[in-house]
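Notes to accompany the following structure.
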Amino acid sequence: MIVSDVIDLTGDDKDDLQRAIALSLEESIKFVSLCFRVLEASIAENKASLKRTHTEVWSDSPNPHDRKRQENCPVGLKNVGNTCWFSAVIQSLFNLLEFQRLVLHYSPPARMQDLPRNQKEHRNLPFMQELRHLFSLLVGSKRKYVDPSRAVEILKDAFKSSESQQQDVSEFTHKLLDWLEDAFQIKGEQPKNPMVDLFYGRFLAVGVLEGKKFENTEMFGQYPLQVNGFKDLHECLEAAMIEGEIESLHSAENSAKSGQEHWFTELPPVLTFELSRFEFNQTLGRPEKIHNKLEFPSMLYMDRYMDRNRDITRIKREEIRRLKEHLTVLQQRLERYLSYGSGPKRFPLADVLQYAMEFASSKPVCTSPLEDVDTTALPGGEQPDTSVPAEGSGSGPQAQQQQRVSIHKPFTQSRVPPDLPMHPAPRHITEEELRVLEGCLHRWRSEVENDTRDLQASISRIHRTIELMYSDKSMMQVPYRLHAVLVHEGQANAGHYWAYIFDPHQQQWMKYNDISVTKSSWEELVRDSFGGYRNASAYCLMYIDDKKPFLIEGNLICKCKSVYDKCGPEAAFFKAMKVEYTRLLRFAQEDTPPERDYRLLHVIVYFIHNQAPKKIVERSLLMQFADRNLGFDERYESRKQFACSNCFIFNCILSFLNLMPTFFAQMWHQDYRKFRDTTVFLLIGLELFLKKSYVEALMYLIFAYQYNKELLAKGPYRGHDEVLIGHYRRECLLKLNEHAAVLFETGEETEVNAGLSIMNELVVACIPLLLVDEMEEKDMVAVEDMRNRWCSYLGQEMEPNLQEKLTDFLPKLLDCSTEIKSIHDPPKLPSYSTLELCERYGQVMTSLTLSRTPADGR
């Protein structure tokens, strides 16, 4: 929780309304006392910092500005001697608002029978008091960082390693949760332990042991995952959920094989994965760190691992297994094309054929110039006598023969023979042989290139199919959002820890590195956490249930009520808000056909569909009630009942809106405006399509698809059905292509020019949009159909002027570039009221259903 300012409840405040608003931020009377506790802790911290000596483990910066907390910035934790592991874990837990609330509201047992009875309980209570004290400082300190020494001191006894060594973070986290669980168990005030409810889940172990089937339910906290041999988090989870030879589970016959599957029956609100990046090397006798790259998503859907989805997951796993087997065969075939040859060095087959073609078509070039030839050679191959008589030798022929000294000529004697070509080329090849050989090599190279492309395309399609295997709506009902990533840099026996934690209010990743707390980004998190190319990598991932925003956010409406309870006429207000919210929630939960899309009816339905943070929903509801004009809208009885024009209550609402962060709310409302614009584009495009006004309809459908794609990138319910929009965009282009071809076939100059104008300005300009995503197979087929339609004219007789125009046009149509060279600006949208937009959208969707025009199976 980030507190922009600490509320001083002891000072004089002349503004009663602002005092009431400030007091409303406390959830209960306990929280009021907690604020005093925070202030006291902050004062004590400041006093303690003045008394510290230079002989302690750490010291404050002498510059007071370095110690001052910046506005809206979280508080850091001082490293008091190899305690970065403590800071990373504590900050990740502190930023869970529900956990923070539990710790801050913790109080020791009041009854004698609840007091500590053993050494373990004697340790837990002091630790909880120190942790509560530390959390109070993290909430209310005016300092940039605070000292966790006293809490760390209590923890040291729990570890066997010496004080100077880095602590094992996984061991620490396990012990911390055990202590917290024990501490809340001691209190005995609740039937359930809140720490267990927050961090622990259950899974069902289904298996076969020596031919006998069994089922066991087990509880888990941190779920361990092996990293070695896997590329992403889902692969780790798949491996962890299946152990041993599990085929016998699905067989009616008993088998001696053993194995088991894990199926989650209950997931905790906070789901923590412990990544096993440390292992002991038996050969070297020392621990080692696994630096392999492992990817993980910011949004994790756990549906495929739930027990209720056991049957459908098994079917999908079998399909994936079959696809991967086929993928292996295709990759082996592709490898034979890309690495051709029988020796140690291999080359792409297409290149080998190209080199052979270049060799065959090379012409021999005579090598040595005339002056380089050894002219001393005698006829018949005899060499002239170049030896020199030895000094003092006789003059007879025999004496000369015996005593001559040979003169060595290294340059002329090592010359390349004059008839050897300068570069490799065929010695003897006829023109006919060359023509046949070039034709064969060219044809073979084209065949190889086509086969290679086909194999690569098939491999890409299978990869895409596997990626999308669990992307249907039914398997995206258990979303978990990444909350924190704990990172380790270094080797197994030494290193440094820090944490990346997502701030939902600023929609920003923050880096918590001891006393330093800075803004970060997903890109920086990926660089430091995935591993693979440096010594930094994630060892712990903390996900939170995306359908439980209370884990990281407060409840504004409940806080507002604590103010209005002091005001008098607020009963009708809260009744009206409750009725309106209940009505909208019911709309959001209904499974309705496209012609009744309640998201168009109200922005709050859209927010609920997309699991918007509760504060955004509450803020939008408050804004609705703060507008007096809305109170007279006859469609909303709840607001009509509250049209009491009580200025005090309206001023309170507006004051609350001013207290809330607006930037994040604006982002959500911008998405909703884009959703409405997308709807209008789609509505007008479909209306024109049904009227067969394809030229006018195209641009509306093009921009509907583009806007919708941007929305869906943020979540599956941010936009409309992508398949439906893609179908009508594709159909519109096909209709225009056919119309333009018919005009071209008339041969009339005016019609021909009109047809080519349609193709150049609309169809050709929009084809790259269909080629951007190569996995959209139906779009690719449509593009090929359009091209084939025009290529069919090549073999036909036609007037020279038509042939010239066709020759000029075809290269543009056949251009495979996905670069969008020219596209019109989006059409100007008319302004529709909500009711008019809903009615017209419902009518056009109904018309599509009645006209029985299928949209890829819809």
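Following the order of the structure tokens, chains are lettered A, B, ..., residues in each are numbered from 1, and ligands are numbered from 1.
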Excluding Asp528 of chain A and any residue of its chain fewer than 4 positions from it, enumerate the residues within 10 Å of it, using only C-alpha atoms, and give them as a PyMOL selection string.
-> chain A and resi 485+487-489+500+522-524+532-538
Let me see the file: selected residues, N, CA, C and O atoms, as a PDB file, in the first residue's frame.
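The resulting file, result-v5.pdb, is shown below:
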ATOM      1  N   VAL A 485       8.017 -10.726  -8.453  1.00  0.00           N
ATOM      2  CA  VAL A 485       9.071 -11.617  -8.936  1.00  0.00           C
ATOM      3  C   VAL A 485      10.297 -11.388  -8.073  1.00  0.00           C
ATOM      4  O   VAL A 485      10.789 -10.257  -7.981  1.00  0.00           O
ATOM      5  N   VAL A 487      14.176 -12.031  -7.467  1.00  0.00           N
ATOM      6  CA  VAL A 487      15.303 -12.272  -8.367  1.00  0.00           C
ATOM      7  C   VAL A 487      16.576 -12.504  -7.563  1.00  0.00           C
ATOM      8  O   VAL A 487      16.789 -11.882  -6.510  1.00  0.00           O
ATOM      9  N   HIS A 488      17.404 -13.411  -8.073  1.00  0.00           N
ATOM     10  CA  HIS A 488      18.732 -13.660  -7.489  1.00  0.00           C
ATOM     11  C   HIS A 488      19.782 -13.444  -8.568  1.00  0.00           C
ATOM     12  O   HIS A 488      19.659 -13.936  -9.684  1.00  0.00           O
ATOM     13  N   GLU A 489      20.834 -12.727  -8.214  1.00  0.00           N
ATOM     14  CA  GLU A 489      21.960 -12.527  -9.125  1.00  0.00           C
ATOM     15  C   GLU A 489      23.218 -13.066  -8.471  1.00  0.00           C
ATOM     16  O   GLU A 489      23.520 -12.741  -7.316  1.00  0.00           O
ATOM     17  N   TYR A 500      10.770  -7.404  -7.957  1.00  0.00           N
ATOM     18  CA  TYR A 500       9.920  -6.571  -8.801  1.00  0.00           C
ATOM     19  C   TYR A 500       8.486  -6.780  -8.341  1.00  0.00           C
ATOM     20  O   TYR A 500       8.005  -7.920  -8.260  1.00  0.00           O
ATOM     21  N   TRP A 522       8.220  -3.794 -17.522  1.00  0.00           N
ATOM     22  CA  TRP A 522       8.164  -5.224 -17.820  1.00  0.00           C
ATOM     23  C   TRP A 522       9.422  -5.659 -18.562  1.00  0.00           C
ATOM     24  O   TRP A 522       9.928  -6.766 -18.361  1.00  0.00           O
ATOM     25  N   GLU A 523       9.952  -4.791 -19.428  1.00  0.00           N
ATOM     26  CA  GLU A 523      11.148  -5.136 -20.190  1.00  0.00           C
ATOM     27  C   GLU A 523      12.343  -5.348 -19.259  1.00  0.00           C
ATOM     28  O   GLU A 523      13.128  -6.293 -19.445  1.00  0.00           O
ATOM     29  N   GLU A 524      12.496  -4.489 -18.259  1.00  0.00           N
ATOM     30  CA  GLU A 524      13.597  -4.667 -17.310  1.00  0.00           C
ATOM     31  C   GLU A 524      13.389  -5.933 -16.482  1.00  0.00           C
ATOM     32  O   GLU A 524      14.340  -6.673 -16.206  1.00  0.00           O
ATOM     33  N   GLY A 532      19.260 -16.950 -18.684  1.00  0.00           N
ATOM     34  CA  GLY A 532      19.716 -17.443 -19.966  1.00  0.00           C
ATOM     35  C   GLY A 532      20.940 -16.766 -20.510  1.00  0.00           C
ATOM     36  O   GLY A 532      21.695 -17.366 -21.272  1.00  0.00           O
ATOM     37  N   TYR A 533      21.159 -15.497 -20.146  1.00  0.00           N
ATOM     38  CA  TYR A 533      22.325 -14.818 -20.717  1.00  0.00           C
ATOM     39  C   TYR A 533      23.129 -14.030 -19.676  1.00  0.00           C
ATOM     40  O   TYR A 533      24.094 -13.378 -19.996  1.00  0.00           O
ATOM     41  N   ARG A 534      22.723 -14.074 -18.425  1.00  0.00           N
ATOM     42  CA  ARG A 534      23.509 -13.463 -17.361  1.00  0.00           C
ATOM     43  C   ARG A 534      23.173 -14.198 -16.072  1.00  0.00           C
ATOM     44  O   ARG A 534      22.363 -15.106 -16.051  1.00  0.00           O
ATOM     45  N   ASN A 535      23.809 -13.817 -14.986  1.00  0.00           N
ATOM     46  CA  ASN A 535      23.672 -14.569 -13.745  1.00  0.00           C
ATOM     47  C   ASN A 535      22.432 -14.201 -12.935  1.00  0.00           C
ATOM     48  O   ASN A 535      22.255 -14.691 -11.830  1.00  0.00           O
ATOM     49  N   ALA A 536      21.607 -13.298 -13.447  1.00  0.00           N
ATOM     50  CA  ALA A 536      20.382 -12.910 -12.739  1.00  0.00           C
ATOM     51  C   ALA A 536      19.195 -13.694 -13.286  1.00  0.00           C
ATOM     52  O   ALA A 536      19.058 -13.858 -14.500  1.00  0.00           O
ATOM     53  N   SER A 537      18.345 -14.180 -12.392  1.00  0.00           N
ATOM     54  CA  SER A 537      17.152 -14.918 -12.820  1.00  0.00           C
ATOM     55  C   SER A 537      16.176 -15.020 -11.655  1.00  0.00           C
ATOM     56  O   SER A 537      16.555 -14.890 -10.487  1.00  0.00           O
ATOM     57  N   ALA A 538      14.898 -15.249 -11.984  1.00  0.00           N
ATOM     58  CA  ALA A 538      13.852 -15.351 -10.958  1.00  0.00           C
ATOM     59  C   ALA A 538      13.940 -16.705 -10.258  1.00  0.00           C
ATOM     60  O   ALA A 538      14.186 -17.723 -10.888  1.00  0.00           O
TER      61      ALA A 538
END
Could you give me, as a ChimeraX atom specification, the residues within 9 Å of Arg730 of chain A, counting only C-alpha atoms and dropping anything in the same chain fewer than 2 positions from it?
-> /A:725-728,732-735,770,778-779,782-783
Non-local contacts of Asp825 of chain A (12 Å; only C-alpha atoms; under 4 positions in same chain excluded) as a PyMOL selection string = chain A and resi 699-700+702-703+829
Export N, CA and C atoms of the chosen residues as a tab-separated table (two decimals), in the first residue's frame?
chain	number	residue	atom	x	y	z
A	699	MET	N	-13.60	0.29	-45.32
A	699	MET	CA	-12.78	1.03	-44.37
A	699	MET	C	-13.34	0.91	-42.94
A	700	TYR	N	-14.65	0.87	-42.80
A	700	TYR	CA	-15.22	0.70	-41.46
A	700	TYR	C	-14.84	-0.66	-40.88
A	702	ILE	N	-12.22	-2.47	-41.78
A	702	ILE	CA	-10.76	-2.49	-41.57
A	702	ILE	C	-10.41	-1.87	-40.22
A	703	PHE	N	-10.96	-0.71	-39.93
A	703	PHE	CA	-10.63	-0.05	-38.67
A	703	PHE	C	-11.31	-0.72	-37.47
A	829	LEU	N	-16.74	9.25	-37.34
A	829	LEU	CA	-17.85	8.51	-36.75
A	829	LEU	C	-18.97	9.44	-36.30
Long-range neighbours of segment 302-308 of chain A as a VMD selection string, 8 Å cut-off, only C-alpha atoms, 5 positions minimum in chain | chain A and resid 204 241 262 to 265 313 470 475 to 480
Separation of atom CA of Lys324 of chain A from atom CA of Lys293 of chain A, in Å and rounded to one decimal | 21.1 Å
Contacts of Ser521 of chain A within 8 Å, only C-alpha atoms, excl. fewer than 4 positions in-chain, as a VMD selection string = chain A and resid 508 to 510 525
Among listed residues A:His483, A:Leu551, A:Lys68, A:Ala239, nearest Leu102 of chain A (using only C-alpha atoms) |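 The closest residue to Leu102 of chain A is A:Leu551.
Contact shell of segment 222-228 of chain A at 7 Å (only C-alpha atoms; same-chain neighbours under 6 positions omitted): Cys236, Leu237, Ala240, Thr272, Phe273, Glu274, Leu275, Ser276, Arg277 and Asn292 of chain A.
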Can those selected residues be exported to a file as a CSV table (one decimal), in the first residue's frame so that it contains all heavy atoms?
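As a result, selection_36.csv now contains:
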chain,number,residue,atom,x,y,z
A,236,CYS,N,6.9,-26.2,-17.2
A,236,CYS,CA,7.3,-26.6,-15.8
A,236,CYS,C,6.1,-27.2,-15.1
A,236,CYS,O,6.2,-28.2,-14.4
A,236,CYS,CB,7.8,-25.4,-15.0
A,236,CYS,SG,9.4,-24.8,-15.6
A,237,LEU,N,4.9,-26.5,-15.2
A,237,LEU,CA,3.7,-27.0,-14.5
A,237,LEU,C,3.2,-28.3,-15.1
A,237,LEU,O,2.8,-29.2,-14.3
A,237,LEU,CB,2.6,-25.9,-14.7
A,237,LEU,CG,2.7,-24.8,-13.7
A,237,LEU,CD1,1.8,-23.6,-14.1
A,237,LEU,CD2,2.2,-25.3,-12.3
A,240,ALA,N,5.3,-30.9,-13.7
A,240,ALA,CA,5.1,-31.1,-12.2
A,240,ALA,C,3.8,-31.8,-12.0
A,240,ALA,O,3.6,-32.5,-10.9
A,240,ALA,CB,5.1,-29.8,-11.5
A,272,THR,N,2.1,-19.1,-5.1
A,272,THR,CA,3.5,-18.9,-5.1
A,272,THR,C,4.2,-20.1,-5.7
A,272,THR,O,4.0,-21.2,-5.3
A,272,THR,CB,4.1,-18.6,-3.7
A,272,THR,OG1,3.4,-17.5,-3.1
A,272,THR,CG2,5.6,-18.2,-3.8
A,273,PHE,N,5.0,-19.8,-6.7
A,273,PHE,CA,5.8,-20.9,-7.4
A,273,PHE,C,7.3,-20.7,-7.0
A,273,PHE,O,7.9,-19.6,-7.2
A,273,PHE,CB,5.7,-20.8,-8.9
A,273,PHE,CG,4.3,-21.1,-9.4
A,273,PHE,CD1,3.6,-20.1,-10.1
A,273,PHE,CD2,3.8,-22.4,-9.2
A,273,PHE,CE1,2.3,-20.4,-10.5
A,273,PHE,CE2,2.5,-22.6,-9.7
A,273,PHE,CZ,1.8,-21.7,-10.3
A,274,GLU,N,7.9,-21.8,-6.5
A,274,GLU,CA,9.3,-21.8,-6.1
A,274,GLU,C,10.0,-22.4,-7.2
A,274,GLU,O,9.9,-23.6,-7.5
A,274,GLU,CB,9.4,-22.6,-4.8
A,274,GLU,CG,10.8,-22.7,-4.3
A,274,GLU,CD,10.9,-23.7,-3.1
A,274,GLU,OE1,10.1,-23.5,-2.2
A,274,GLU,OE2,11.8,-24.6,-3.1
A,275,LEU,N,10.9,-21.7,-7.9
A,275,LEU,CA,11.6,-22.2,-9.1
A,275,LEU,C,12.9,-22.7,-8.6
A,275,LEU,O,13.7,-22.0,-8.0
A,275,LEU,CB,11.9,-21.0,-10.1
A,275,LEU,CG,10.6,-20.3,-10.6
A,275,LEU,CD1,11.0,-19.2,-11.6
A,275,LEU,CD2,9.6,-21.3,-11.2
A,276,SER,N,13.1,-24.0,-8.9
A,276,SER,CA,14.3,-24.7,-8.4
A,276,SER,C,15.5,-24.4,-9.3
A,276,SER,O,15.8,-25.2,-10.2
A,276,SER,CB,14.1,-26.2,-8.3
A,276,SER,OG,13.0,-26.5,-7.4
A,277,ARG,N,16.2,-23.3,-9.0
A,277,ARG,CA,17.3,-22.9,-9.8
A,277,ARG,C,18.7,-23.3,-9.1
A,277,ARG,O,19.7,-23.0,-9.6
A,277,ARG,CB,17.3,-21.4,-10.0
A,277,ARG,CG,16.3,-21.0,-11.1
A,277,ARG,CD,16.6,-19.6,-11.6
A,277,ARG,NE,15.7,-19.3,-12.7
A,277,ARG,CZ,16.1,-19.5,-14.0
A,277,ARG,NH1,17.2,-20.1,-14.3
A,277,ARG,NH2,15.3,-19.2,-15.0
A,292,ASN,N,19.5,-21.4,-16.9
A,292,ASN,CA,18.7,-21.5,-18.1
A,292,ASN,C,17.6,-20.5,-18.2
A,292,ASN,O,17.1,-20.0,-17.2
A,292,ASN,CB,18.1,-22.9,-18.1
A,292,ASN,CG,19.1,-24.0,-18.1
A,292,ASN,OD1,20.3,-23.8,-18.2
A,292,ASN,ND2,18.6,-25.2,-18.1
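Going from atom CA of Lys213 of chain A to atom CA of Glu243 of chain A covers 14.2 Å.
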Non-local contacts of Leu96 of chain A (7 Å; only C-alpha atoms; under 3 positions in same chain excluded) as a PyMOL selection string = chain A and resi 93+99-100+551-552
Pick the closest to His739 of chain A from A:Tyr598, A:Tyr543, A:Phe86, A:Tyr694: which is it, counting only C-alpha atoms?
->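 Going through A:Tyr598, A:Tyr543, A:Phe86, A:Tyr694 one by one, the smallest distance to His739 of chain A is for A:Tyr694.
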Distance in Å - atom CA of His423 of chain A versus atom CA of Glu447 of chain A =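 Going from atom CA of His423 of chain A over to atom CA of Glu447 of chain A covers 28.7 Å.
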When distances are computed from only C-alpha atoms, which of A:Gln589, A:Cys766, A:Asp815, A:Thr834 shows the smallest separation from Val680 of chain A?
-> A:Thr834
From A:Glu751, A:Ala740, A:Pro827, A:Met299, residue lying nearest Met786 of chain A [only C-alpha atoms] |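 With only C-alpha atoms as the atom set, the closest residue is A:Ala740.
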